[in-house]
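Asker: Enclosed is the structure file entry_4.json (JSON, C-alpha atoms).
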```
[["chain", "number", "residue", "atom", "x", "y", "z"],
["A", 248, "MET", "CA", -63.16, 73.75, 41.80],
["A", 249, "ASN", "CA", -65.67, 72.55, 44.36],
["A", 250, "ARG", "CA", -68.29, 74.58, 46.20],
["A", 251, "ARG", "CA", -66.11, 74.90, 49.28],
["A", 252, "ASP", "CA", -63.23, 76.43, 47.30],
["A", 253, "LEU", "CA", -65.62, 78.73, 45.43],
["A", 254, "PHE", "CA", -67.10, 79.91, 48.71],
["A", 255, "ARG", "CA", -63.66, 80.43, 50.24],
["A", 256, "GLN", "CA", -62.35, 82.39, 47.23],
["A", 257, "THR", "CA", -65.50, 84.51, 47.01],
["A", 258, "PHE", "CA", -65.33, 85.30, 50.71],
["A", 259, "LEU", "CA", -61.63, 86.17, 50.72],
["A", 260, "GLY", "CA", -61.80, 88.18, 47.49],
["A", 261, "ALA", "CA", -64.73, 90.25, 48.71],
["A", 262, "ALA", "CA", -63.12, 90.81, 52.09],
["A", 263, "ALA", "CA", -59.92, 92.00, 50.43],
["A", 264, "ALA", "CA", -61.83, 94.36, 48.15],
["A", 265, "VAL", "CA", -63.78, 95.84, 51.06],
["A", 266, "SER", "CA", -60.76, 96.30, 53.28],
["A", 267, "GLY", "CA", -58.62, 97.76, 50.49],
["A", 268, "ARG", "CA", -55.64, 95.70, 51.54],
["A", 269, "VAL", "CA", -54.48, 92.17, 50.99],
["A", 270, "ALA", "CA", -56.33, 89.76, 53.22],
["A", 271, "THR", "CA", -54.46, 86.92, 54.81],
["A", 272, "ALA", "CA", -55.90, 83.55, 54.01],
["A", 273, "ARG", "CA", -57.57, 81.67, 56.81],
["A", 274, "GLU", "CA", -56.17, 78.19, 57.05],
["A", 275, "PHE", "CA", -58.60, 75.31, 57.14],
["A", 276, "PRO", "CA", -57.88, 71.68, 58.01],
["A", 277, "SER", "CA", -57.61, 69.46, 54.94],
["A", 278, "ASP", "CA", -60.88, 67.72, 55.82],
["A", 279, "TYR", "CA", -62.84, 70.98, 56.37],
["A", 280, "ASP", "CA", -66.20, 71.04, 54.57],
["A", 281, "ALA", "CA", -67.90, 74.47, 54.45],
["A", 282, "SER", "CA", -71.18, 72.88, 53.39],
["A", 283, "LYS", "CA", -71.41, 71.31, 56.85],
["A", 284, "GLU", "CA", -71.51, 74.83, 58.32],
["A", 285, "LEU", "CA", -74.46, 75.66, 56.08],
["A", 286, "ALA", "CA", -76.26, 72.43, 57.04],
["A", 287, "ARG", "CA", -76.05, 72.98, 60.80],
["A", 288, "ASP", "CA", -79.35, 72.75, 62.70],
["A", 289, "ASP", "CA", -78.57, 75.97, 64.57],
["A", 290, "TRP", "CA", -77.73, 77.94, 61.38],
["A", 291, "LYS", "CA", -78.83, 81.58, 61.38],
["A", 292, "PRO", "CA", -78.63, 84.04, 58.48],
["A", 293, "VAL", "CA", -75.62, 86.34, 58.57],
["A", 294, "PHE", "CA", -76.83, 88.97, 56.11],
["A", 295, "LEU", "CA", -80.57, 88.47, 55.60],
["A", 296, "ASP", "CA", -83.14, 88.98, 58.31],
["A", 297, "ASP", "CA", -85.55, 86.12, 59.10],
["A", 298, "HIS", "CA", -88.35, 87.46, 56.88],
["A", 299, "GLN", "CA", -85.99, 87.93, 53.92],
["A", 300, "ASP", "CA", -84.58, 84.44, 54.45],
["A", 301, "GLN", "CA", -88.06, 82.88, 54.52],
["A", 302, "THR", "CA", -89.03, 84.84, 51.39],
["A", 303, "LEU", "CA", -85.93, 83.55, 49.62],
["A", 304, "ILE", "CA", -86.71, 79.96, 50.67],
["A", 305, "VAL", "CA", -90.26, 80.13, 49.31],
["A", 306, "PHE", "CA", -89.22, 81.89, 46.10],
["A", 307, "SER", "CA", -86.36, 79.46, 45.41],
["A", 308, "ASP", "CA", -88.57, 76.45, 46.07],
["A", 309, "ILE", "CA", -91.07, 77.72, 43.48],
["A", 310, "LEU", "CA", -88.27, 78.14, 40.93],
["A", 311, "ILE", "CA", -86.59, 74.81, 41.62],
["A", 312, "PRO", "CA", -89.03, 72.50, 43.40],
["A", 313, "ALA", "CA", -88.24, 68.99, 44.51],
["A", 314, "THR", "CA", -89.11, 66.52, 41.76],
["A", 315, "ASP", "CA", -87.19, 63.35, 41.02],
["A", 316, "THR", "CA", -84.20, 65.39, 42.21],
["A", 317, "PRO", "CA", -83.98, 67.50, 45.37],
["A", 318, "GLY", "CA", -85.07, 71.12, 45.01],
["A", 319, "ALA", "CA", -83.58, 74.45, 46.04],
["A", 320, "LYS", "CA", -84.72, 74.07, 49.64],
["A", 321, "ALA", "CA", -82.88, 70.76, 50.02],
["A", 322, "ALA", "CA", -79.79, 72.29, 48.38],
["A", 323, "LEU", "CA", -79.81, 75.03, 51.07],
["A", 324, "VAL", "CA", -79.78, 77.71, 48.39],
["A", 325, "ASN", "CA", -80.92, 80.38, 50.85],
["A", 326, "ARG", "CA", -77.99, 79.69, 53.15],
["A", 327, "PHE", "CA", -75.40, 79.80, 50.38],
["A", 328, "VAL", "CA", -76.86, 83.04, 48.98],
["A", 329, "ASP", "CA", -76.85, 84.55, 52.47],
["A", 330, "ALA", "CA", -73.19, 83.63, 53.00],
["A", 331, "VAL", "CA", -72.14, 85.09, 49.65],
["A", 332, "LEU", "CA", -74.20, 88.26, 50.11],
["A", 333, "ALA", "CA", -72.58, 88.82, 53.51],
["A", 334, "VAL", "CA", -69.25, 89.47, 51.76],
["A", 335, "GLU", "CA", -70.53, 91.12, 48.58],
["A", 336, "THR", "CA", -70.28, 94.82, 47.75],
["A", 337, "HIS", "CA", -72.87, 97.21, 49.09],
["A", 338, "ASP", "CA", -74.29, 97.73, 45.59],
["A", 339, "THR", "CA", -74.75, 93.99, 45.04],
["A", 340, "GLN", "CA", -76.35, 93.60, 48.46],
["A", 341, "ARG", "CA", -78.68, 96.54, 47.80],
["A", 342, "SER", "CA", -79.67, 95.14, 44.40],
["A", 343, "PHE", "CA", -80.60, 91.78, 45.92],
["A", 344, "LEU", "CA", -82.53, 93.34, 48.81],
["A", 345, "ASP", "CA", -84.35, 95.66, 46.38],
["A", 346, "SER", "CA", -85.45, 92.61, 44.39],
["A", 347, "LEU", "CA", -86.72, 90.82, 47.50],
["A", 348, "ALA", "CA", -88.55, 93.98, 48.54],
["A", 349, "ALA", "CA", -90.09, 94.29, 45.06],
["A", 350, "LEU", "CA", -91.42, 90.74, 45.39],
["A", 351, "ASP", "CA", -93.07, 91.63, 48.68],
["A", 352, "GLY", "CA", -94.24, 94.98, 47.28],
["A", 353, "GLU", "CA", -95.96, 93.33, 44.32],
["A", 354, "SER", "CA", -97.45, 90.81, 46.72],
["A", 355, "PHE", "CA", -98.92, 93.59, 48.86],
["A", 356, "VAL", "CA", -100.32, 95.39, 45.80],
["A", 357, "ARG", "CA", -102.05, 92.27, 44.48],
["A", 358, "TYR", "CA", -102.93, 90.32, 47.64],
["A", 359, "ARG", "CA", -102.47, 92.69, 50.60],
["A", 360, "ALA", "CA", -100.05, 90.33, 52.30],
["A", 361, "ALA", "CA", -96.33, 89.58, 52.29],
["A", 362, "PHE", "CA", -95.19, 86.92, 49.82],
["A", 363, "VAL", "CA", -94.51, 84.28, 52.49],
["A", 364, "TYR", "CA", -98.09, 84.56, 53.80],
["A", 365, "LEU", "CA", -99.76, 83.91, 50.44],
["A", 366, "THR", "CA", -101.20, 80.53, 49.54],
["A", 367, "PRO", "CA", -98.93, 78.38, 47.39],
["A", 368, "GLU", "CA", -101.24, 79.04, 44.43],
["A", 369, "GLN", "CA", -100.98, 82.82, 44.92],
["A", 370, "GLN", "CA", -97.20, 82.61, 45.31],
["A", 371, "THR", "CA", -96.88, 80.67, 42.06],
["A", 372, "GLU", "CA", -99.28, 83.05, 40.29],
["A", 373, "LEU", "CA", -97.26, 86.08, 41.41],
["A", 374, "VAL", "CA", -93.90, 84.58, 40.43],
["A", 375, "THR", "CA", -95.34, 83.55, 37.06],
["A", 376, "PHE", "CA", -96.66, 87.07, 36.48],
["A", 377, "MET", "CA", -93.27, 88.59, 37.33],
["A", 378, "ALA", "CA", -91.49, 86.09, 35.09],
["A", 379, "TYR", "CA", -93.90, 86.48, 32.17],
["A", 380, "PRO", "CA", -95.47, 89.95, 32.32],
["A", 381, "HIS", "CA", -97.00, 89.41, 28.83],
["A", 382, "THR", "CA", -100.35, 88.24, 30.14],
["A", 383, "LEU", "CA", -103.69, 89.14, 28.62],
["A", 384, "GLU", "CA", -104.05, 91.64, 31.43],
["A", 385, "THR", "CA", -100.80, 93.49, 30.61],
["A", 386, "TRP", "CA", -100.15, 92.57, 26.99],
["A", 387, "ASP", "CA", -97.91, 95.28, 25.61],
["A", 388, "GLU", "CA", -94.83, 95.39, 23.42],
["A", 389, "ASN", "CA", -92.98, 97.26, 26.16],
["A", 390, "ALA", "CA", -94.17, 95.20, 29.14],
["A", 391, "PRO", "CA", -90.85, 93.53, 30.12],
["A", 392, "GLY", "CA", -88.95, 96.80, 29.71],
["A", 393, "SER", "CA", -91.46, 98.98, 31.49],
["A", 394, "TYR", "CA", -92.39, 96.51, 34.22],
["A", 395, "ARG", "CA", -89.57, 96.58, 36.80],
["A", 396, "GLY", "CA", -90.89, 93.43, 38.46],
["A", 397, "HIS", "CA", -89.47, 91.36, 35.62],
["A", 398, "ALA", "CA", -85.96, 92.71, 36.25],
["A", 399, "HIS", "CA", -86.29, 91.94, 39.96],
["A", 400, "PHE", "CA", -87.53, 88.45, 39.17],
["A", 401, "SER", "CA", -84.55, 87.90, 36.85],
["A", 402, "ASN", "CA", -82.11, 89.11, 39.51],
["A", 403, "LEU", "CA", -83.50, 86.71, 42.13],
["A", 404, "LYS", "CA", -83.70, 83.86, 39.60],
["A", 405, "ASP", "CA", -80.04, 84.36, 38.68],
["A", 406, "TRP", "CA", -78.95, 84.19, 42.33],
["A", 407, "VAL", "CA", -81.04, 81.09, 43.02],
["A", 408, "SER", "CA", -80.02, 79.20, 39.89],
["A", 409, "ARG", "CA", -76.29, 79.91, 40.34],
["A", 410, "ALA", "CA", -76.45, 78.80, 43.97],
["A", 411, "TYR", "CA", -78.44, 75.68, 43.18],
["A", 412, "TYR", "CA", -76.38, 74.49, 40.23],
["A", 413, "SER", "CA", -73.10, 75.05, 42.06],
["A", 414, "SER", "CA", -74.27, 72.87, 44.97],
["A", 415, "PRO", "CA", -73.62, 69.12, 45.07],
["A", 416, "VAL", "CA", -77.36, 68.51, 44.69],
["A", 417, "GLY", "CA", -77.57, 70.78, 41.64],
["A", 418, "MET", "CA", -74.49, 69.29, 40.01],
["A", 419, "GLN", "CA", -75.94, 65.81, 40.46],
["A", 420, "ALA", "CA", -79.22, 67.03, 38.93],
["A", 421, "LEU", "CA", -77.18, 68.09, 35.88],
["A", 422, "GLY", "CA", -75.60, 64.64, 35.72],
["A", 423, "TYR", "CA", -72.16, 65.76, 36.87],
["A", 424, "THR", "CA", -70.37, 62.81, 38.46],
["A", 425, "GLY", "CA", -66.90, 64.25, 38.87],
["A", 426, "ALA", "CA", -64.00, 65.49, 36.82],
["A", 427, "PRO", "CA", -63.58, 64.01, 33.32],
["A", 428, "GLY", "CA", -61.38, 60.94, 33.46],
["A", 429, "GLY", "CA", -62.09, 60.19, 37.11],
["A", 430, "VAL", "CA", -62.41, 61.82, 40.47],
["A", 431, "PHE", "CA", -60.37, 64.98, 40.99],
["A", 432, "GLU", "CA", -58.22, 64.54, 44.07],
["A", 433, "GLY", "CA", -56.42, 67.91, 44.07],
["A", 434, "CYS", "CA", -52.80, 68.56, 44.97],
["A", 435, "LYS", "CA", -51.17, 66.86, 47.92]]
```
Rewrite the structure from the file as structure tokens, please.
Answerer:
Amino acid sequence: MNRRDLFRQTFLGAAAAVSGRVATAREFPSDYDASKELARDDWKPVFLDDHQDQTLIVFSDILIPATDTPGAKAALVNRFVDAVLAVETHDTQRSFLDSLAALDGESFVRYRAAFVYLTPEQQTELVTFMAYPHTLETWDENAPGSYRGHAHFSNLKDWVSRAYYSSPVGMQALGYTGAPGGVFEGCK
């Protein structure tokens, strides 16, 4: 299954669940590529507002920066997550937004500014603290369980990593070159 089919099935399944009735499938031309919609220059978020989108871009780029392979920003992780969230359940949407808000909340507590306005060093420091709350400052047996920031970090990390590693860029970073035994052509 490629990213386009995954996106299509996720969208149709969520739409059917929300409407409570069977959704009719939208027909796409055989050469349709959903990733081109995400890569458009005039792309705008469907679910996230601009601040949330920018926060997600910065956060995902800290988690998966460009190295010898393209990072999360180049893989358009924020756009894919936005598209999936637009058709997710209210509870899933709320959970994601709560995690983004917690990132900004922790940023305000520590630096008195939203996450996107911090210096890159401060952004990395904050993400590291949320990922590893066992620092000398907070060392405690119960730190990950009692510190909700870690759960919010994990939620955002899960979304970003699933989006990245299901993208063509992420699959190439994993060394995936196609279906075993050759290129998968699909049914004709």
Asker: Which residues are close to Pro312 of chain A, i.e. within 12 Å by all atoms listed in the file, leaving aside same-chain residues fewer than 5 positions away? Reply as a short mmCIF file (atom, residue, chain, number, x, y, z; two decimals) with C-alpha atoms, in the coordinates of the input.
Answerer:
```cif
data_model
loop_
_atom_site.label_atom_id
_atom_site.label_comp_id
_atom_site.auth_asym_id
_atom_site.auth_seq_id
_atom_site.Cartn_x
_atom_site.Cartn_y
_atom_site.Cartn_z
CA ILE A 304 -86.71 79.96 50.67
CA VAL A 305 -90.26 80.13 49.31
CA PHE A 306 -89.22 81.89 46.10
CA SER A 307 -86.36 79.46 45.41
CA PRO A 317 -83.98 67.50 45.37
CA GLY A 318 -85.07 71.12 45.01
CA ALA A 319 -83.58 74.45 46.04
CA LYS A 320 -84.72 74.07 49.64
CA ALA A 321 -82.88 70.76 50.02
CA ALA A 322 -79.79 72.29 48.38
CA VAL A 324 -79.78 77.71 48.39
CA THR A 371 -96.88 80.67 42.06
CA VAL A 407 -81.04 81.09 43.02
CA SER A 408 -80.02 79.20 39.89
CA TYR A 411 -78.44 75.68 43.18
CA GLY A 417 -77.57 70.78 41.64
#
```
Asker: Hey, can you check how far atom CA of Asp329 of chain A sits from atom CA of Arg359 of chain A?
Answerer: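 Interatomic distance, atom CA of Asp329 of chain A to atom CA of Arg359 of chain A: 26.9 Å.
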Asker: Got a sec: who's within 12 Å of Asp300 of chain A, counting only C-alpha atoms, leaving out chain neighbours fewer than 2 positions off, as number ranges by chain?
Answerer: A: 290-298, 302-307, 320, 323-330, 332, 343-344, 347-348, 362-363
Asker: Once you have the residues from the selection above, write them out as an mmCIF file, in the frame of the given file, restricted to C-alpha atoms.
Answerer:
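Printed below is result.cif as written:
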```
data_model
loop_
_atom_site.group_PDB
_atom_site.id
_atom_site.type_symbol
_atom_site.label_atom_id
_atom_site.label_comp_id
_atom_site.auth_asym_id
_atom_site.auth_seq_id
_atom_site.Cartn_x
_atom_site.Cartn_y
_atom_site.Cartn_z
ATOM 1 C CA TRP A 290 -77.730 77.940 61.380
ATOM 2 C CA LYS A 291 -78.830 81.580 61.380
ATOM 3 C CA PRO A 292 -78.630 84.040 58.480
ATOM 4 C CA VAL A 293 -75.620 86.340 58.570
ATOM 5 C CA PHE A 294 -76.830 88.970 56.110
ATOM 6 C CA LEU A 295 -80.570 88.470 55.600
ATOM 7 C CA ASP A 296 -83.140 88.980 58.310
ATOM 8 C CA ASP A 297 -85.550 86.120 59.100
ATOM 9 C CA HIS A 298 -88.350 87.460 56.880
ATOM 10 C CA THR A 302 -89.030 84.840 51.390
ATOM 11 C CA LEU A 303 -85.930 83.550 49.620
ATOM 12 C CA ILE A 304 -86.710 79.960 50.670
ATOM 13 C CA VAL A 305 -90.260 80.130 49.310
ATOM 14 C CA PHE A 306 -89.220 81.890 46.100
ATOM 15 C CA SER A 307 -86.360 79.460 45.410
ATOM 16 C CA LYS A 320 -84.720 74.070 49.640
ATOM 17 C CA LEU A 323 -79.810 75.030 51.070
ATOM 18 C CA VAL A 324 -79.780 77.710 48.390
ATOM 19 C CA ASN A 325 -80.920 80.380 50.850
ATOM 20 C CA ARG A 326 -77.990 79.690 53.150
ATOM 21 C CA PHE A 327 -75.400 79.800 50.380
ATOM 22 C CA VAL A 328 -76.860 83.040 48.980
ATOM 23 C CA ASP A 329 -76.850 84.550 52.470
ATOM 24 C CA ALA A 330 -73.190 83.630 53.000
ATOM 25 C CA LEU A 332 -74.200 88.260 50.110
ATOM 26 C CA PHE A 343 -80.600 91.780 45.920
ATOM 27 C CA LEU A 344 -82.530 93.340 48.810
ATOM 28 C CA LEU A 347 -86.720 90.820 47.500
ATOM 29 C CA ALA A 348 -88.550 93.980 48.540
ATOM 30 C CA PHE A 362 -95.190 86.920 49.820
ATOM 31 C CA VAL A 363 -94.510 84.280 52.490
#
```
Asker: How many Å separate atom CA of Gly396 of chain A from atom CA of Met377 of chain A?
Answerer: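 Taking atom CA of Gly396 of chain A as the start and atom CA of Met377 of chain A as the end point, the length is 5.5 Å.
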Asker: Give me, please, the distance in Å between atom CA of Ser413 of chain A and atom CA of Ser282 of chain A, quoted to one decimal.
Answerer: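 Taking atom CA of Ser413 of chain A as the start and atom CA of Ser282 of chain A as the end point, the length is 11.7 Å.
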Asker: Taking only C-alpha atoms into account, which of A:Thr339, A:Gln419, A:Ser401, A:Ser414 comes nearest Pro380 of chain A?
Answerer: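 Among A:Thr339, A:Gln419, A:Ser401, A:Ser414, it is A:Ser401 that comes nearest to Pro380 of chain A.
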Asker: Have a look at A:Leu421, A:Leu285, A:Val356, A:Leu403 and name the one nearest to Thr316 of chain A; count all atoms listed in the file.
Answerer: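 Closest to Thr316 of chain A of all the choices is A:Leu421.
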